[in-house]
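Visitor: input.pdb (PDB, C-alpha atoms, pLDDT in the B column) pasted underneath:
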ATOM      1  CA  MET T   1      47.590 117.340 114.782  1.00 72.00           C
ATOM      2  CA  ARG T   2      47.242 114.977 117.695  1.00 78.00           C
ATOM      3  CA  LYS T   3      49.165 117.330 119.985  1.00 81.00           C
ATOM      4  CA  TYR T   4      46.754 120.202 119.202  1.00 80.00           C
ATOM      5  CA  LEU T   5      43.739 117.989 119.829  1.00 76.00           C
ATOM      6  CA  TYR T   6      45.124 117.078 123.262  1.00 79.00           C
ATOM      7  CA  TYR T   7      45.670 120.768 124.056  1.00 79.00           C
ATOM      8  CA  ILE T   8      42.077 121.600 123.083  1.00 73.00           C
ATOM      9  CA  ILE T   9      40.648 118.762 125.176  1.00 74.00           C
ATOM     10  CA  LEU T  10      42.859 119.693 128.142  1.00 73.00           C
ATOM     11  CA  SER T  11      41.830 123.375 127.984  1.00 73.00           C
ATOM     12  CA  CYS T  12      38.121 122.427 127.907  1.00 67.00           C
ATOM     13  CA  VAL T  13      38.552 120.136 130.924  1.00 68.00           C
ATOM     14  CA  VAL T  14      40.446 122.734 132.969  1.00 70.00           C
ATOM     15  CA  THR T  15      38.094 125.629 132.208  1.00 73.00           C
ATOM     16  CA  SER T  16      35.003 126.121 134.356  1.00 77.00           C
ATOM     17  CA  CYS T  17      31.943 128.318 133.909  1.00 80.00           C
ATOM     18  CA  TYR T  18      31.695 128.856 137.655  1.00 82.00           C
ATOM     19  CA  THR T  19      33.597 131.731 139.242  1.00 84.00           C
ATOM     20  CA  TYR T  20      33.770 133.262 142.698  1.00 85.00           C
ATOM     21  CA  GLN T  21      32.057 136.662 142.653  1.00 85.00           C
ATOM     22  CA  ARG T  22      31.503 139.221 145.386  1.00 84.00           C
ATOM     23  CA  LYS T  23      28.021 140.530 146.006  1.00 74.00           C
ATOM     24  CA  LYS T  24      27.449 144.158 145.159  1.00 67.00           C
ATOM     25  CA  GLN T  25      26.618 146.234 148.195  1.00 59.00           C
ATOM     26  CA  ALA T  26      24.546 149.347 148.676  1.00 51.00           C
ATOM     27  CA  ASP T  27      26.108 152.386 150.295  1.00 46.00           C
ATOM     28  CA  ILE T  28      25.030 154.462 153.268  1.00 46.00           C
ATOM     29  CA  PRO T  29      25.183 158.216 152.670  1.00 50.00           C
ATOM     30  CA  LEU T  30      27.435 160.275 154.935  1.00 48.00           C
ATOM     31  CA  GLU T  31      26.065 162.490 157.712  1.00 52.00           C
ATOM     32  CA  ASN T  32      26.097 165.607 155.484  1.00 52.00           C
ATOM     33  CA  GLU T  33      23.954 163.879 152.889  1.00 52.00           C
ATOM     34  CA  ARG T  34      21.596 162.546 155.567  1.00 52.00           C
ATOM     35  CA  SER T  35      21.070 166.024 156.978  1.00 51.00           C
ATOM     36  CA  LYS T  36      20.367 167.335 153.464  1.00 50.00           C
ATOM     37  CA  MET T  37      17.774 164.593 152.990  1.00 50.00           C
ATOM     38  CA  ARG T  38      16.131 165.537 156.270  1.00 52.00           C
ATOM     39  CA  ALA T  39      16.065 169.186 155.211  1.00 48.00           C
ATOM     40  CA  VAL T  40      14.335 168.301 151.956  1.00 48.00           C
ATOM     41  CA  ASP T  41      11.768 166.164 153.782  1.00 51.00           C
ATOM     42  CA  GLY T  42      10.884 168.955 156.258  1.00 51.00           C
ATOM     43  CA  ASN T  43       7.289 170.174 156.528  1.00 48.00           C
ATOM     44  CA  SER T  44       7.642 173.942 156.222  1.00 45.00           C
ATOM     45  CA  ALA T  45       9.491 175.816 153.495  1.00 46.00           C
ATOM     46  CA  SER T  46      10.955 178.324 155.953  1.00 46.00           C
ATOM     47  CA  SER T  47      12.555 175.627 158.065  1.00 47.00           C
ATOM     48  CA  GLN T  48      14.036 174.185 154.879  1.00 49.00           C
ATOM     49  CA  ARG T  49      15.567 177.510 153.931  1.00 50.00           C
ATOM     50  CA  ASN T  50      17.006 177.951 157.429  1.00 49.00           C
ATOM     51  CA  ASP T  51      18.465 174.430 157.454  1.00 51.00           C
ATOM     52  CA  THR T  52      19.907 174.874 153.967  1.00 51.00           C
ATOM     53  CA  ALA T  53      21.479 178.205 154.917  1.00 49.00           C
ATOM     54  CA  ALA T  54      22.996 176.675 158.045  1.00 50.00           C
ATOM     55  CA  GLU T  55      24.337 173.741 156.010  1.00 52.00           C
ATOM     56  CA  THR T  56      25.937 175.977 153.394  1.00 51.00           C
ATOM     57  CA  GLN T  57      27.649 177.978 156.133  1.00 52.00           C
ATOM     58  CA  SER T  58      28.916 174.811 157.824  1.00 51.00           C
ATOM     59  CA  ASN T  59      30.002 173.382 154.446  1.00 51.00           C
ATOM     60  CA  LYS T  60      32.042 176.515 153.723  1.00 50.00           C
ATOM     61  CA  SER T  61      33.876 176.213 157.028  1.00 49.00           C
ATOM     62  CA  LYS T  62      34.969 172.585 156.529  1.00 48.00           C
ATOM     63  CA  PRO T  63      35.582 170.626 153.329  1.00 50.00           C
ATOM     64  CA  THR T  64      33.362 167.601 152.685  1.00 49.00           C
ATOM     65  CA  ILE T  65      34.236 164.314 151.105  1.00 51.00           C
ATOM     66  CA  ASN T  66      31.613 162.857 148.772  1.00 51.00           C
ATOM     67  CA  LYS T  67      32.488 159.239 149.510  1.00 54.00           C
ATOM     68  CA  LYS T  68      29.848 156.832 150.701  1.00 55.00           C
ATOM     69  CA  GLN T  69      30.343 154.421 153.548  1.00 55.00           C
ATOM     70  CA  PRO T  70      29.677 150.734 152.883  1.00 57.00           C
ATOM     71  CA  ILE T  71      26.900 149.041 154.811  1.00 62.00           C
ATOM     72  CA  PRO T  72      28.252 146.836 157.598  1.00 66.00           C
ATOM     73  CA  ILE T  73      27.960 143.178 156.589  1.00 70.00           C
ATOM     74  CA  ASN T  74      26.368 140.578 158.850  1.00 79.00           C
ATOM     75  CA  ILE T  75      28.557 137.565 158.143  1.00 82.00           C
ATOM     76  CA  GLN T  76      26.033 135.088 159.538  1.00 82.00           C
ATOM     77  CA  ASN T  77      23.395 136.256 157.029  1.00 83.00           C
ATOM     78  CA  GLU T  78      25.946 136.384 154.218  1.00 85.00           C
ATOM     79  CA  LEU T  79      27.233 132.796 154.535  1.00 86.00           C
ATOM     80  CA  GLN T  80      24.332 130.417 153.918  1.00 88.00           C
ATOM     81  CA  PRO T  81      24.535 126.616 154.472  1.00 89.00           C
ATOM     82  CA  THR T  82      25.244 124.271 151.526  1.00 88.00           C
ATOM     83  CA  LYS T  83      26.706 127.053 149.341  1.00 89.00           C
ATOM     84  CA  ASN T  84      30.273 127.423 148.090  1.00 91.00           C
ATOM     85  CA  TYR T  85      32.277 130.478 149.158  1.00 92.00           C
ATOM     86  CA  LYS T  86      35.788 131.799 148.934  1.00 92.00           C
ATOM     87  CA  ILE T  87      36.721 133.594 152.160  1.00 91.00           C
ATOM     88  CA  LYS T  88      39.800 135.053 153.776  1.00 91.00           C
ATOM     89  CA  ALA T  89      40.334 134.253 157.456  1.00 88.00           C
ATOM     90  CA  ASP T  90      43.461 134.887 159.514  1.00 86.00           C
ATOM     91  CA  GLY T  91      45.416 135.818 156.389  1.00 87.00           C
ATOM     92  CA  ARG T  92      44.619 132.571 154.536  1.00 91.00           C
ATOM     93  CA  VAL T  93      42.212 132.084 151.643  1.00 91.00           C
ATOM     94  CA  TYR T  94      39.753 129.194 151.940  1.00 90.00           C
ATOM     95  CA  LYS T  95      37.343 127.700 149.428  1.00 92.00           C
ATOM     96  CA  ILE T  96      34.621 126.261 151.621  1.00 92.00           C
ATOM     97  CA  ILE T  97      31.165 124.737 151.647  1.00 92.00           C
ATOM     98  CA  VAL T  98      29.241 126.045 154.654  1.00 91.00           C
ATOM     99  CA  ASP T  99      27.704 123.384 156.899  1.00 91.00           C
ATOM    100  CA  LYS T 100      26.146 125.391 159.731  1.00 91.00           C
ATOM    101  CA  TRP T 101      26.542 128.155 162.269  1.00 90.00           C
ATOM    102  CA  VAL T 102      27.067 127.161 165.902  1.00 91.00           C
ATOM    103  CA  GLY T 103      26.669 130.338 167.931  1.00 88.00           C
ATOM    104  CA  ASP T 104      29.290 132.745 166.559  1.00 88.00           C
ATOM    105  CA  SER T 105      31.369 129.993 164.927  1.00 90.00           C
ATOM    106  CA  LEU T 106      31.169 128.830 161.333  1.00 90.00           C
ATOM    107  CA  VAL T 107      31.436 125.084 160.755  1.00 92.00           C
ATOM    108  CA  ALA T 108      32.390 124.298 157.173  1.00 92.00           C
ATOM    109  CA  HIS T 109      34.432 121.874 155.145  1.00 90.00           C
ATOM    110  CA  SER T 110      36.967 122.541 152.455  1.00 89.00           C
ATOM    111  CA  ALA T 111      35.640 122.396 148.899  1.00 87.00           C
ATOM    112  CA  ASN T 112      38.712 120.449 147.768  1.00 86.00           C
ATOM    113  CA  LYS T 113      38.976 118.137 150.790  1.00 88.00           C
ATOM    114  CA  PRO T 114      35.502 117.231 152.137  1.00 85.00           C
ATOM    115  CA  GLN T 115      36.929 115.333 155.118  1.00 90.00           C
ATOM    116  CA  GLU T 116      38.718 118.474 156.400  1.00 89.00           C
ATOM    117  CA  VAL T 117      36.368 120.326 158.800  1.00 91.00           C
ATOM    118  CA  LEU T 118      37.018 124.024 159.474  1.00 90.00           C
ATOM    119  CA  LYS T 119      35.760 125.931 162.501  1.00 91.00           C
ATOM    120  CA  LEU T 120      36.134 129.697 162.244  1.00 90.00           C
ATOM    121  CA  HIS T 121      34.849 132.454 164.530  1.00 89.00           C
ATOM    122  CA  LYS T 122      32.948 135.235 162.753  1.00 87.00           C
ATOM    123  CA  ASN T 123      35.580 137.781 163.886  1.00 88.00           C
ATOM    124  CA  GLN T 124      38.295 135.830 162.032  1.00 89.00           C
ATOM    125  CA  ILE T 125      36.514 136.132 158.673  1.00 89.00           C
ATOM    126  CA  GLU T 126      37.129 139.285 156.626  1.00 87.00           C
ATOM    127  CA  ALA T 127      33.682 140.378 155.422  1.00 84.00           C
ATOM    128  CA  GLU T 128      34.999 142.325 152.411  1.00 86.00           C
ATOM    129  CA  THR T 129      36.555 139.220 150.872  1.00 86.00           C
ATOM    130  CA  ILE T 130      33.517 136.913 150.885  1.00 89.00           C
ATOM    131  CA  ALA T 131      32.869 135.681 147.337  1.00 89.00           C
ATOM    132  CA  GLU T 132      30.114 133.243 146.356  1.00 90.00           C
ATOM    133  CA  LYS T 133      30.558 130.634 143.633  1.00 89.00           C
ATOM    134  CA  ARG T 134      28.222 131.544 140.757  1.00 87.00           C
ATOM    135  CA  PHE T 135      27.642 130.625 137.144  1.00 87.00           C
ATOM    136  CA  SER T 136      29.345 133.064 134.774  1.00 86.00           C
ATOM    137  CA  GLN T 137      27.428 133.521 131.518  1.00 89.00           C
ATOM    138  CA  PRO T 138      30.213 135.416 129.658  1.00 88.00           C
ATOM    139  CA  ILE T 139      32.703 132.608 130.296  1.00 86.00           C
ATOM    140  CA  ALA T 140      30.140 130.032 129.153  1.00 87.00           C
ATOM    141  CA  ASP T 141      29.569 132.026 125.957  1.00 89.00           C
ATOM    142  CA  ILE T 142      33.315 132.216 125.248  1.00 87.00           C
ATOM    143  CA  ILE T 143      33.721 128.470 125.767  1.00 84.00           C
ATOM    144  CA  THR T 144      30.760 127.785 123.460  1.00 88.00           C
ATOM    145  CA  ILE T 145      32.226 129.973 120.712  1.00 91.00           C
ATOM    146  CA  LEU T 146      35.636 128.294 121.039  1.00 86.00           C
ATOM    147  CA  VAL T 147      34.078 124.831 120.837  1.00 84.00           C
ATOM    148  CA  TYR T 148      32.105 125.804 117.713  1.00 92.00           C
ATOM    149  CA  ALA T 149      35.275 127.227 116.149  1.00 91.00           C
ATOM    150  CA  GLY T 150      37.146 124.017 117.016  1.00 87.00           C
ATOM    151  CA  ILE T 151      34.414 121.900 115.438  1.00 91.00           C
ATOM    152  CA  GLY T 152      34.531 124.087 112.324  1.00 93.00           C
ATOM    153  CA  VAL T 153      38.310 123.773 112.075  1.00 91.00           C
ATOM    154  CA  GLY T 154      38.039 120.006 112.556  1.00 90.00           C
ATOM    155  CA  ILE T 155      35.466 119.681 109.751  1.00 94.00           C
ATOM    156  CA  TRP T 156      37.561 121.932 107.477  1.00 93.00           C
ATOM    157  CA  MET T 157      40.678 119.770 108.114  1.00 91.00           C
ATOM    158  CA  LEU T 158      38.716 116.577 107.360  1.00 92.00           C
ATOM    159  CA  VAL T 159      37.311 117.962 104.110  1.00 92.00           C
ATOM    160  CA  ARG T 160      40.642 119.361 102.972  1.00 86.00           C
TER     161      ARG T 160
END
Render the structure in this file as structure tokens.
Guide:
Amino acid sequence: MRKYLYYIILSCVVTSCYTYQRKKQADIPLENERSKMRAVDGNSASSQRNDTAAETQSNKSKPTINKKQPIPINIQNELQPTKNYKIKADGRVYKIIVDKWVGDSLVAHSANKPQEVLKLHKNQIEAETIAEKRFSQPIADIITILVYAGIGVGIWMLVR
């Protein structure tokens, strides 16, 4: 019984409701889609028909890919001071707390070792891997349910 109680306490201590999550990004339409949007926004109906006919002819001649291009990320706007992030720079993964930007260089300290100061150039940081530390409601709900179940089992064992 004691061993199980220690396991439950240890699992609650180790588990955290905060996770590193990437921000969702909007997409930029490809050139074909942009030209279609311009054709729809045109003033005269005849110019629209001419543009549409020209587009269908050009589309028949070369295949199109319906993928969208991601918006380029400005790393300096993405990494805000006093927030926790998980980034990948020069092939290594860092969990950092951002201190400030000095020109094109990021000055931060490690989340695990506050005395360790990191200085990274914005070109070293991979923009696709930036993840911010946020509260995760589903994990908090799961932990709450497990704690309630543990309390119920504890009461049932005491009564029995």
Visitor: Counting all atoms listed in the file, what is within 10 Å of Arg22 of chain T, bar same-chain residues fewer than 5 positions away, as a PyMOL selection string?
Guide: chain T and resi 85-86+128-134
Visitor: Could you list, as a ChimeraX atom specification, every residue matched by the PyMOL selection byres ((chain T and resi 84) around 12) in this structure?
Guide: /T:18-21,78-83,85-87,94-99,108-112,130-135
Visitor: Using the chain letters and numbering of this document, enumerate as a PyMOL selection string the residues selected by the PyMOL selection byres ((chain T and resi 106) around 9).
Guide: chain T and resi 76+79+98-105+107-108+118-122
Visitor: Could you name the residues that touch Gly91 of chain T at 10 Å or less, counting only C-alpha atoms, but leaving out those on the same chain fewer than 2 positions away, as a ChimeraX atom specification?
Guide: /T:87-89,93-94,124-126
Visitor: Store the residues of this selection in a file with C-alpha atoms, as a PDB file, in the frame of the given file.
Guide:
ATOM      1  CA  ILE T  87      36.721 133.594 152.160  1.00 91.00           C
ATOM      2  CA  LYS T  88      39.800 135.053 153.776  1.00 91.00           C
ATOM      3  CA  ALA T  89      40.334 134.253 157.456  1.00 88.00           C
ATOM      4  CA  VAL T  93      42.212 132.084 151.643  1.00 91.00           C
ATOM      5  CA  TYR T  94      39.753 129.194 151.940  1.00 90.00           C
ATOM      6  CA  GLN T 124      38.295 135.830 162.032  1.00 89.00           C
ATOM      7  CA  ILE T 125      36.514 136.132 158.673  1.00 89.00           C
ATOM      8  CA  GLU T 126      37.129 139.285 156.626  1.00 87.00           C
TER       9      GLU T 126
END
Visitor: How far is it from atom CA of Asn77 of chain T to atom CA of Glu116 of chain T, in Å with one decimal?
Guide: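 Separation of atom CA of Asn77 of chain T and atom CA of Glu116 of chain T: 23.5 Å.
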Visitor: What is the atom CA of Asp141 of chain T to atom CA of Tyr4 of chain T distance in Å?
Guide: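 Those two atoms sit 21.9 Å apart.
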Visitor: Which residue out of T:Ile151, T:Ile143, T:Met1, T:Val159 has the minimum interatomic distance to Ser16 of chain T when all atoms listed in the file are used?
Guide: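 For Ser16 of chain T, the nearest of the candidates is T:Ile143.
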Visitor: Quick one: which residues end up in the PyMOL selection byres ((chain T and resi 6-10) around 12) for this structure, as a ChimeraX atom specification?
Guide: /T:1-5,11-16,143,146-147,149-151,153-154
Visitor: Find the distance between atom CA of Ala127 of chain T and atom CA of Asn74 of chain T and write it in Å to one decimal.
Guide: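 Separation of atom CA of Ala127 of chain T and atom CA of Asn74 of chain T: 8.1 Å.
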